[in-house]
>>> print(open('protein_32.txt').read())   # compact mmCIF, C-alpha atoms
# COMPACT_ATOMS: atom_id res chain seq x y z
CA MET A 1 115.59 129.68 126.72
CA PRO A 2 117.50 126.96 124.82
CA ASP A 3 118.48 127.46 121.19
CA ARG A 4 117.88 124.95 118.42
CA ALA A 5 121.28 123.38 119.07
CA GLY A 6 120.12 122.30 122.51
CA ASN A 7 121.99 124.88 124.60
CA CYS A 8 119.81 125.41 127.66
CA SER A 9 122.36 127.14 129.91
CA GLU A 10 120.45 130.44 129.82
CA TRP A 11 117.20 128.65 130.59
CA GLN A 12 118.67 126.83 133.59
CA GLY A 13 120.78 129.77 134.69
CA SER A 14 117.67 131.87 135.17
CA GLY A 15 116.42 129.31 137.70
CA TRP A 16 113.71 128.15 135.32
CA THR A 17 113.99 124.35 135.19
CA MET A 18 112.30 122.08 132.72
CA GLN A 19 110.29 120.39 135.48
CA LYS A 20 108.93 123.75 136.67
CA LEU A 21 107.88 124.59 133.14
CA ILE A 22 106.08 121.28 132.70
CA ASP A 23 104.36 121.67 136.09
CA GLN A 24 103.10 125.08 135.03
CA VAL A 25 101.82 123.68 131.73
CA VAL A 26 99.95 120.94 133.59
CA ALA A 27 98.46 123.47 135.99
CA GLU A 28 97.39 125.75 133.13
CA VAL A 29 95.60 122.96 131.27
CA GLY A 30 94.14 121.81 134.59
CA LYS A 31 92.23 125.09 134.82
CA VAL A 32 89.86 123.89 132.08
CA LEU A 33 90.15 120.11 132.56
CA LEU A 34 89.55 119.81 136.27
CA GLY A 35 90.80 116.89 138.34
CA LYS A 36 92.65 115.17 135.47
CA GLU A 37 96.34 115.86 136.20
CA GLN A 38 97.43 112.29 135.44
CA GLN A 39 95.70 112.29 132.05
CA ILE A 40 97.17 115.71 131.20
CA ARG A 41 100.66 114.46 132.02
CA LEU A 42 100.16 111.35 129.91
CA ALA A 43 98.99 113.48 126.97
CA LEU A 44 102.07 115.68 127.30
CA THR A 45 104.25 112.59 127.51
CA CYS A 46 102.79 111.41 124.21
CA LEU A 47 103.48 114.75 122.53
CA PHE A 48 107.01 115.10 123.89
CA ALA A 49 107.75 111.51 122.83
CA ARG A 50 106.84 112.36 119.20
CA GLY A 51 103.70 110.24 119.18
CA HIS A 52 99.97 110.51 118.57
CA LEU A 53 97.24 110.15 121.16
CA LEU A 54 93.96 108.23 121.11
CA ILE A 55 91.33 109.19 123.69
CA GLU A 56 88.48 106.72 124.11
CA ASP A 57 85.53 107.84 126.17
CA LEU A 58 81.88 108.78 126.16
CA PRO A 59 80.81 112.09 124.57
CA GLY A 60 81.07 115.15 126.79
CA MET A 61 84.02 114.03 128.91
CA GLY A 62 86.39 116.83 127.89
CA LYS A 63 88.31 115.23 125.03
CA THR A 64 88.00 118.27 122.77
CA THR A 65 88.80 120.61 125.66
CA LEU A 66 92.04 118.75 126.36
CA ALA A 67 93.16 118.89 122.72
CA HIS A 68 92.42 122.59 122.34
CA ALA A 69 94.02 123.47 125.69
CA LEU A 70 97.23 121.62 124.80
CA ALA A 71 97.48 123.46 121.49
CA ASN A 72 96.97 126.83 123.23
CA VAL A 73 99.45 126.27 126.05
CA LEU A 74 102.13 125.01 123.64
CA GLY A 75 101.56 127.84 121.18
CA LEU A 76 100.77 125.47 118.29
CA SER A 77 98.33 125.83 115.42
CA TYR A 78 95.15 123.82 115.85
CA SER A 79 92.50 122.28 113.59
CA ARG A 80 89.56 120.03 114.24
CA ILE A 81 87.91 117.49 111.94
CA GLN A 82 84.52 116.09 112.89
CA PHE A 83 84.53 112.57 111.49
CA THR A 84 81.23 111.42 110.03
CA SER A 85 80.12 108.51 107.87
CA ASP A 86 80.17 110.63 104.71
CA LEU A 87 83.61 112.21 105.24
CA LEU A 88 86.03 111.69 102.34
CA PRO A 89 89.87 111.51 102.34
CA ALA A 90 90.00 114.77 100.36
CA ASP A 91 88.14 116.48 103.20
CA ILE A 92 91.18 115.72 105.39
CA LEU A 93 94.14 116.01 103.04
CA GLY A 94 92.99 118.71 100.62
CA VAL A 95 92.14 118.85 96.95
CA SER A 96 93.46 120.32 93.69
CA VAL A 97 91.10 122.81 92.04
CA PHE A 98 91.45 124.18 88.52
CA ASP A 99 92.19 127.91 88.49
CA LYS A 100 90.86 129.56 85.33
CA ASN A 101 93.11 132.60 85.74
CA SER A 102 96.33 130.62 85.73
CA ALA A 103 94.96 127.73 83.65
CA ALA A 104 96.45 125.30 86.14
CA PHE A 105 95.44 123.21 89.11
CA ARG A 106 96.07 124.72 92.54
CA PHE A 107 96.24 122.62 95.67
CA HIS A 108 94.05 123.73 98.56
CA GLU A 109 95.40 122.36 101.84
CA GLY A 110 93.07 120.37 104.04
CA PRO A 111 92.81 120.69 107.83
CA VAL A 112 95.59 118.10 108.26
CA PHE A 113 98.11 120.88 107.54
CA THR A 114 98.37 122.00 111.14
CA GLN A 115 100.46 121.22 114.23
CA VAL A 116 97.75 119.84 116.53
CA LEU A 117 94.96 118.01 114.73
CA LEU A 118 91.88 116.86 116.63
CA ALA A 119 90.32 113.92 114.80
CA ASP A 120 87.01 113.94 116.63
CA GLU A 121 85.08 110.65 116.79
CA ILE A 122 87.45 108.97 114.34
CA ASN A 123 85.58 105.68 114.54
CA ARG A 124 82.40 107.21 113.13
CA THR A 125 83.85 107.39 109.63
CA THR A 126 84.61 104.62 107.15
CA PRO A 127 87.90 102.67 107.14
CA LYS A 128 88.88 104.30 103.82
CA THR A 129 88.76 107.75 105.37
CA GLN A 130 90.40 106.56 108.58
CA SER A 131 93.35 105.28 106.55
CA ALA A 132 93.86 108.72 104.99
CA LEU A 133 95.59 109.73 108.22
CA LEU A 134 98.03 106.80 108.21
CA GLU A 135 100.77 108.35 106.08
CA ALA A 136 100.41 111.69 107.84
CA MET A 137 100.77 110.09 111.28
CA GLU A 138 103.64 107.81 110.33
CA GLU A 139 105.68 109.95 107.94
CA GLY A 140 104.66 113.55 108.74
CA GLN A 141 103.65 114.04 105.12
CA VAL A 142 100.78 113.45 102.71
CA THR A 143 100.74 112.49 99.05
CA VAL A 144 98.00 114.00 96.89
CA ASP A 145 97.88 113.81 93.08
CA GLY A 146 101.28 112.14 93.07
CA GLU A 147 102.98 114.98 94.94
CA THR A 148 104.32 114.64 98.48
CA ARG A 149 103.84 117.57 100.82
CA ARG A 150 105.42 117.93 104.24
CA LEU A 151 103.28 118.68 107.27
CA PRO A 152 104.16 121.32 109.88
CA GLU A 153 106.55 120.37 112.67
CA PRO A 154 105.62 119.26 115.24
CA PHE A 155 102.61 117.31 113.95
CA PHE A 156 100.48 115.84 116.73
CA VAL A 157 97.20 113.97 116.18
CA ILE A 158 94.75 113.66 119.04
CA ALA A 159 92.00 111.31 117.94
CA THR A 160 88.89 110.64 119.98
CA GLN A 161 86.61 107.68 119.65
CA ASN A 162 83.41 106.55 121.28
CA PRO A 163 83.19 103.07 122.81
CA VAL A 164 82.56 100.44 120.13
CA THR A 165 79.32 99.51 121.89
CA GLN A 166 77.78 102.79 120.69
CA SER A 167 75.84 102.77 117.43
CA GLY A 168 77.34 104.01 114.17
CA THR A 169 80.97 103.17 114.92
CA PHE A 170 83.64 101.50 112.76
CA PRO A 171 86.29 99.92 115.01
CA LEU A 172 89.85 100.94 114.15
CA PRO A 173 91.92 98.06 112.77
CA GLU A 174 95.03 96.91 114.65
CA SER A 175 97.31 98.47 112.03
CA GLN A 176 95.87 101.91 112.69
CA LEU A 177 95.64 101.49 116.45
CA ASP A 178 99.38 100.81 116.43
CA ARG A 179 99.98 104.25 114.90
CA PHE A 180 98.87 105.80 118.19
CA LEU A 181 101.67 105.92 120.70
CA MET A 182 99.25 106.04 123.64
CA ARG A 183 95.57 105.52 124.40
CA ILE A 184 93.93 107.02 127.47
CA THR A 185 90.49 107.56 128.93
CA LEU A 186 89.35 110.61 130.90
CA GLY A 187 86.43 109.19 132.87
CA TYR A 188 83.94 111.01 135.05
CA PRO A 189 85.25 113.81 137.27
CA ASP A 190 85.42 113.25 141.00
CA PRO A 191 82.79 115.09 143.12
CA LYS A 192 85.16 117.91 144.09
CA ALA A 193 86.22 118.59 140.49
CA GLU A 194 82.65 118.35 139.24
CA ARG A 195 81.45 120.88 141.80
CA ALA A 196 84.20 123.26 140.71
CA LEU A 197 83.11 122.65 137.13
CA PHE A 198 79.55 123.67 137.99
CA LEU A 199 80.77 126.90 139.57
CA GLY A 200 83.42 127.73 136.97
CA GLY A 201 81.30 128.55 133.95
CA ASP A 202 81.76 127.57 130.32
CA SER A 203 85.14 125.89 129.74
CA ARG A 204 85.10 127.02 126.09
CA GLN A 205 85.35 130.63 127.22
CA GLN A 206 88.16 129.77 129.63
CA LEU A 207 90.12 128.17 126.78
CA THR A 208 90.68 131.62 125.29
CA LEU A 209 92.45 132.69 128.48
CA ILE A 210 95.15 130.01 128.19
CA LYS A 211 98.41 131.61 127.12
CA PRO A 212 101.33 129.88 125.36
CA LEU A 213 103.94 128.82 127.91
CA VAL A 214 106.33 126.70 125.83
CA THR A 215 108.41 127.96 122.94
CA TYR A 216 109.29 125.85 119.92
CA GLU A 217 112.92 125.75 121.10
CA GLN A 218 111.88 124.52 124.54
CA LEU A 219 109.77 121.79 122.96
CA LEU A 220 112.78 120.65 120.94
CA GLU A 221 114.93 120.68 124.07
CA ILE A 222 112.45 118.56 126.02
CA ARG A 223 112.43 116.03 123.21
CA ARG A 224 116.22 116.01 122.98
CA GLN A 225 116.68 115.47 126.69
CA SER A 226 114.06 112.74 126.85
CA ASP A 227 116.05 110.79 124.25
CA ALA A 228 119.12 111.12 126.50
CA VAL A 229 117.48 109.63 129.62
CA GLN A 230 119.62 106.74 130.84
CA ILE A 231 118.40 103.16 131.33
CA SER A 232 120.31 100.70 133.50
CA ASP A 233 120.78 97.03 132.70
CA SER A 234 118.37 96.02 135.47
CA ILE A 235 115.58 98.26 134.11
CA LEU A 236 116.28 97.01 130.59
CA ASP A 237 115.96 93.44 131.89
CA TYR A 238 112.60 94.38 133.46
CA LEU A 239 111.40 95.86 130.16
CA GLN A 240 112.38 92.70 128.31
CA ARG A 241 110.57 90.52 130.84
CA LEU A 242 107.41 92.58 130.35
CA VAL A 243 107.62 92.25 126.57
CA HIS A 244 108.47 88.53 126.74
CA TYR A 245 105.49 87.84 129.00
CA THR A 246 103.03 89.29 126.44
CA ARG A 247 104.48 86.95 123.80
CA THR A 248 104.46 83.75 125.84
CA ALA A 249 101.63 83.93 128.40
CA PRO A 250 98.54 81.97 127.23
CA GLU A 251 96.09 84.76 128.12
CA PHE A 252 97.45 87.00 125.36
CA ALA A 253 96.19 86.55 121.79
CA TYR A 254 99.47 87.98 120.50
CA GLY A 255 102.50 89.68 121.99
CA LEU A 256 103.89 93.18 121.91
CA SER A 257 105.72 93.98 118.67
CA PRO A 258 109.25 95.44 118.59
CA ARG A 259 107.72 98.81 117.68
CA GLY A 260 105.39 98.55 120.67
CA ALA A 261 108.33 97.72 122.94
CA LEU A 262 110.29 100.72 121.66
CA SER A 263 107.21 102.89 122.20
CA LEU A 264 107.04 101.74 125.81
CA LEU A 265 110.68 102.64 126.37
CA ARG A 266 110.32 106.04 124.68
CA CYS A 267 107.30 106.99 126.78
CA ALA A 268 108.95 105.81 130.00
CA LYS A 269 112.01 107.96 129.27
CA THR A 270 109.83 111.01 128.66
CA TRP A 271 107.82 110.37 131.83
CA ALA A 272 111.06 110.13 133.84
CA LEU A 273 112.26 113.46 132.44
CA MET A 274 108.93 115.10 133.31
CA GLN A 275 109.46 113.93 136.89
CA GLY A 276 112.85 115.67 136.96
CA ARG A 277 115.03 112.58 136.48
CA LYS A 278 117.57 111.68 133.82
CA TYR A 279 117.37 107.96 134.51
CA LEU A 280 114.60 105.35 134.48
CA ILE A 281 113.09 103.61 137.50
CA PRO A 282 110.52 100.76 137.40
CA GLU A 283 107.68 103.14 138.26
CA ASP A 284 108.24 105.00 134.98
CA LEU A 285 107.56 101.86 132.96
CA GLN A 286 104.64 100.89 135.18
CA THR A 287 102.97 104.30 134.88
CA VAL A 288 102.94 104.44 131.08
CA THR A 289 102.38 100.72 130.38
CA PRO A 290 98.53 100.76 130.42
CA ALA A 291 98.41 103.73 128.01
CA VAL A 292 101.09 102.35 125.66
CA VAL A 293 100.28 98.63 125.77
CA GLY A 294 96.52 98.57 126.38
CA HIS A 295 95.49 99.05 122.72
CA ARG A 296 98.22 96.78 121.36
CA ILE A 297 97.24 93.54 123.13
CA ARG A 298 94.12 91.37 123.22
CA ASP A 299 92.76 88.67 125.49
CA ALA A 300 93.13 85.24 123.87
CA ALA A 301 89.95 84.00 125.56
CA ASP A 302 87.75 86.72 124.05
CA TYR A 303 89.46 88.26 121.04
CA GLY A 304 86.78 90.85 120.37
CA ASP A 305 86.59 92.22 123.91
CA GLU A 306 88.19 95.56 124.77
CA THR A 307 90.21 94.33 127.73
CA GLY A 308 93.54 95.98 127.04
CA TYR A 309 93.70 97.94 130.30
CA ALA A 310 92.86 94.87 132.39
CA LEU A 311 95.51 92.87 130.54
CA ALA A 312 98.07 95.61 131.13
CA ASP A 313 97.33 95.50 134.86
CA ARG A 314 97.67 91.72 134.84
CA LEU A 315 100.98 92.07 133.00
CA LEU A 316 102.38 94.41 135.66
CA ASN A 317 101.12 92.20 138.48
CA ASN A 318 102.59 88.98 137.05
CA VAL A 319 106.06 90.20 136.06
CA ASP A 320 108.53 90.76 138.87
CA VAL A 321 110.55 93.96 138.92
CA ILE A 322 113.59 91.99 140.03
CA ALA A 323 114.29 88.74 138.23
CA SER A 324 113.81 85.67 140.40
CA VAL A 325 116.84 83.48 141.00
CA SER A 326 116.13 79.86 140.16
>>> encode(input="protein_32.txt", output="C-alpha cells")
Amino acid sequence: MPDRAGNCSEWQGSGWTMQKLIDQVVAEVGKVLLGKEQQIRLALTCLFARGHLLIEDLPGMGKTTLAHALANVLGLSYSRIQFTSDLLPADILGVSVFDKNSAAFRFHEGPVFTQVLLADEINRTTPKTQSALLEAMEEGQVTVDGETRRLPEPFFVIATQNPVTQSGTFPLPESQLDRFLMRITLGYPDPKAERALFLGGDSRQQLTLIKPLVTYEQLLEIRRQSDAVQISDSILDYLQRLVHYTRTAPEFAYGLSPRGALSLLRCAKTWALMQGRKYLIPEDLQTVTPAVVGHRIRDAADYGDETGYALADRLLNNVDVIASVS
C-alpha cells in the first residue's frame, strides 16, 4: 500500500491498481444499496474530492444505508444526527459542563467529532441549527466557548433532505447549499433490484458484514492522484464555455460562481481517476455536472422552483464540446 508520502510502488507492484480497489468498494456498497452503482460512484467522487454530499429524496430510499455503508467500507468512524425542529447547535457541536471534582469546565464533544457524519433530514431543523455545521464543513473545525477545535481527518458530511414540498421543512439557503460539493438523488429501484431487495432480507443486518477495504494511506493517495489529473487546453475551453453560459444565458437567474467552477473541475478530475485515466475527457465533466451544478443554479423564469437538474441538462445540451468557428 502507499505510504503517507504518496509512494504507491508496492501497491501497484502487487498488481492491485487503484481502479480495481475502487471497483471493489463500489461492489461492496452495492450489496446493500442495490442497483445504484452510478450514485455510489458519485458519492465516492465527492468524498475523494474533499467535499460534502447532499442527498435529496423521499424517506426510505436508502440514504442512511449509503452513508453507513461508505463509512464501513472506508474504515471511518461514523455518527448520525437526526435533525428535528427542536435541535440546538450545542446538540451538534458539544457543550462545556462544569466538573465539581476539578472545579473547571470540561468540554464534551458532540457527534460532529467524527469522520463520516450523517446529517439526517437537515431541512427539518431551524436555520440557526443548520448554520452550526457551516464552519465544520468549510474549515474542518468548530469554535465553542471561544476555543477552536479541529475535527478528525477526513471529515465528510452526508446530509439528507426531504423534498421542500413535504411539510415541516426549512429550505437550505443558497450559502449553505454551496457548501455541498455535490447533490444527488437515489430514486426508486428498478424492478430487478427491488426484487433482489425483497429476497435479500434486512439491509441493516447486511451493513455489519461490510468490511473496510481502503486504508487511510490509500485514501490520501487517491486524493493526491486526483489532484494530478491533467486537463488539456481544449477541455479547459469547454469548461469555461459551460461556466460562461450559466452567467449569460437568460434562462439562468444567476451564474456559476468561481468556487462552483472549481468544484466542477475537481469532481471531474476525481471521476476521471476513478475510471482509470490521468487526463480529462468531455464525458468526465458531463457526468458530474448535474450533481455539482444542479443545486447552484436557478431558473430565472421561476426562481422558487427546484429545477436545477433540468437546467444542468439544458446547459450540457446547449454548449458545444468543440467551439464553433465563426
>>> closest_residue(input="protein_32.txt", among="A:Leu47, A:Ala301, A:Leu134, A:Val288", to="Asp178 of chain A", atoms="only C-alpha atoms")
A:Leu134
>>> axis_aligned_box(input="protein_32.txt", around="segment 135-154 of chain A", padding_each_side="6 Å", output="JSON")
{"center_x": 102.2, "center_y": 114.6, "center_z": 104.2, "size_x": 20.7, "size_y": 25.5, "size_z": 34.2}
>>> residues_around(input="protein_32.txt", residues="Gln38 of chain A", least_positions_apart="4", cutoff="12 Å", atoms="all atoms listed in the file", output="list in words")
Asp23, Val26, Ala27, Val29, Gly30, Leu33, Leu34, Leu42, Ala43, Leu44, Thr45, Ile184, Thr185, Leu186, Gly187, Trp271, Thr287, Val288 and Ala291 of chain A
>>> residues_around(input="protein_32.txt", residues="Thr125 of chain A", least_positions_apart="4", cutoff="6 Å", atoms="only C-alpha atoms", output="PyMOL selection string")
chain A and resi 83-85
>>> residues_near_point(input="protein_32.txt", point="(112.7, 111.1, 123.2)", cutoff="8 Å", atoms="only C-alpha atoms", output="list in words")
Phe48, Ala49, Arg50, Ile222, Arg223, Arg224, Gln225, Ser226, Asp227, Ala228, Arg266, Cys267, Lys269 and Thr270 of chain A
>>> atom_distance(input="protein_32.txt", atom1="atom CA of Gln176 of chain A", atom2="atom CA of Gln240 of chain A")
24.5 Å
>>> atom_distance(input="protein_32.txt", atom1="atom CA of Gln206 of chain A", atom2="atom CA of Lys31 of chain A")
8.1 Å
>>> atom_distance(input="protein_32.txt", atom1="atom CA of Tyr78 of chain A", atom2="atom CA of Gly110 of chain A")
12.5 Å
>>> residues_around(input="protein_32.txt", residues="Val321 of chain A", least_positions_apart="4", cutoff="12 Å", atoms="all atoms listed in the file", output="PyMOL selection string")
chain A and resi 234-242+281-286+315-317
>>> residues_around(input="protein_32.txt", residues="Leu213 of chain A", least_positions_apart="6", cutoff="9 Å", atoms="only C-alpha atoms", output="ChimeraX atom specification")
/A:21,24-25,28,72-75
>>> residues_around(input="protein_32.txt", residues="Lys128 of chain A", least_positions_apart="6", cutoff="12 Å", atoms="all atoms listed in the file", output="PyMOL selection string")
chain A and resi 85-90+92+122+134+170+172-173+176
>>> closest_residue(input="protein_32.txt", among="A:Ala67, A:Gly35, A:Arg150, A:Ser263", to="Ala193 of chain A", atoms="all atoms listed in the file")
A:Gly35
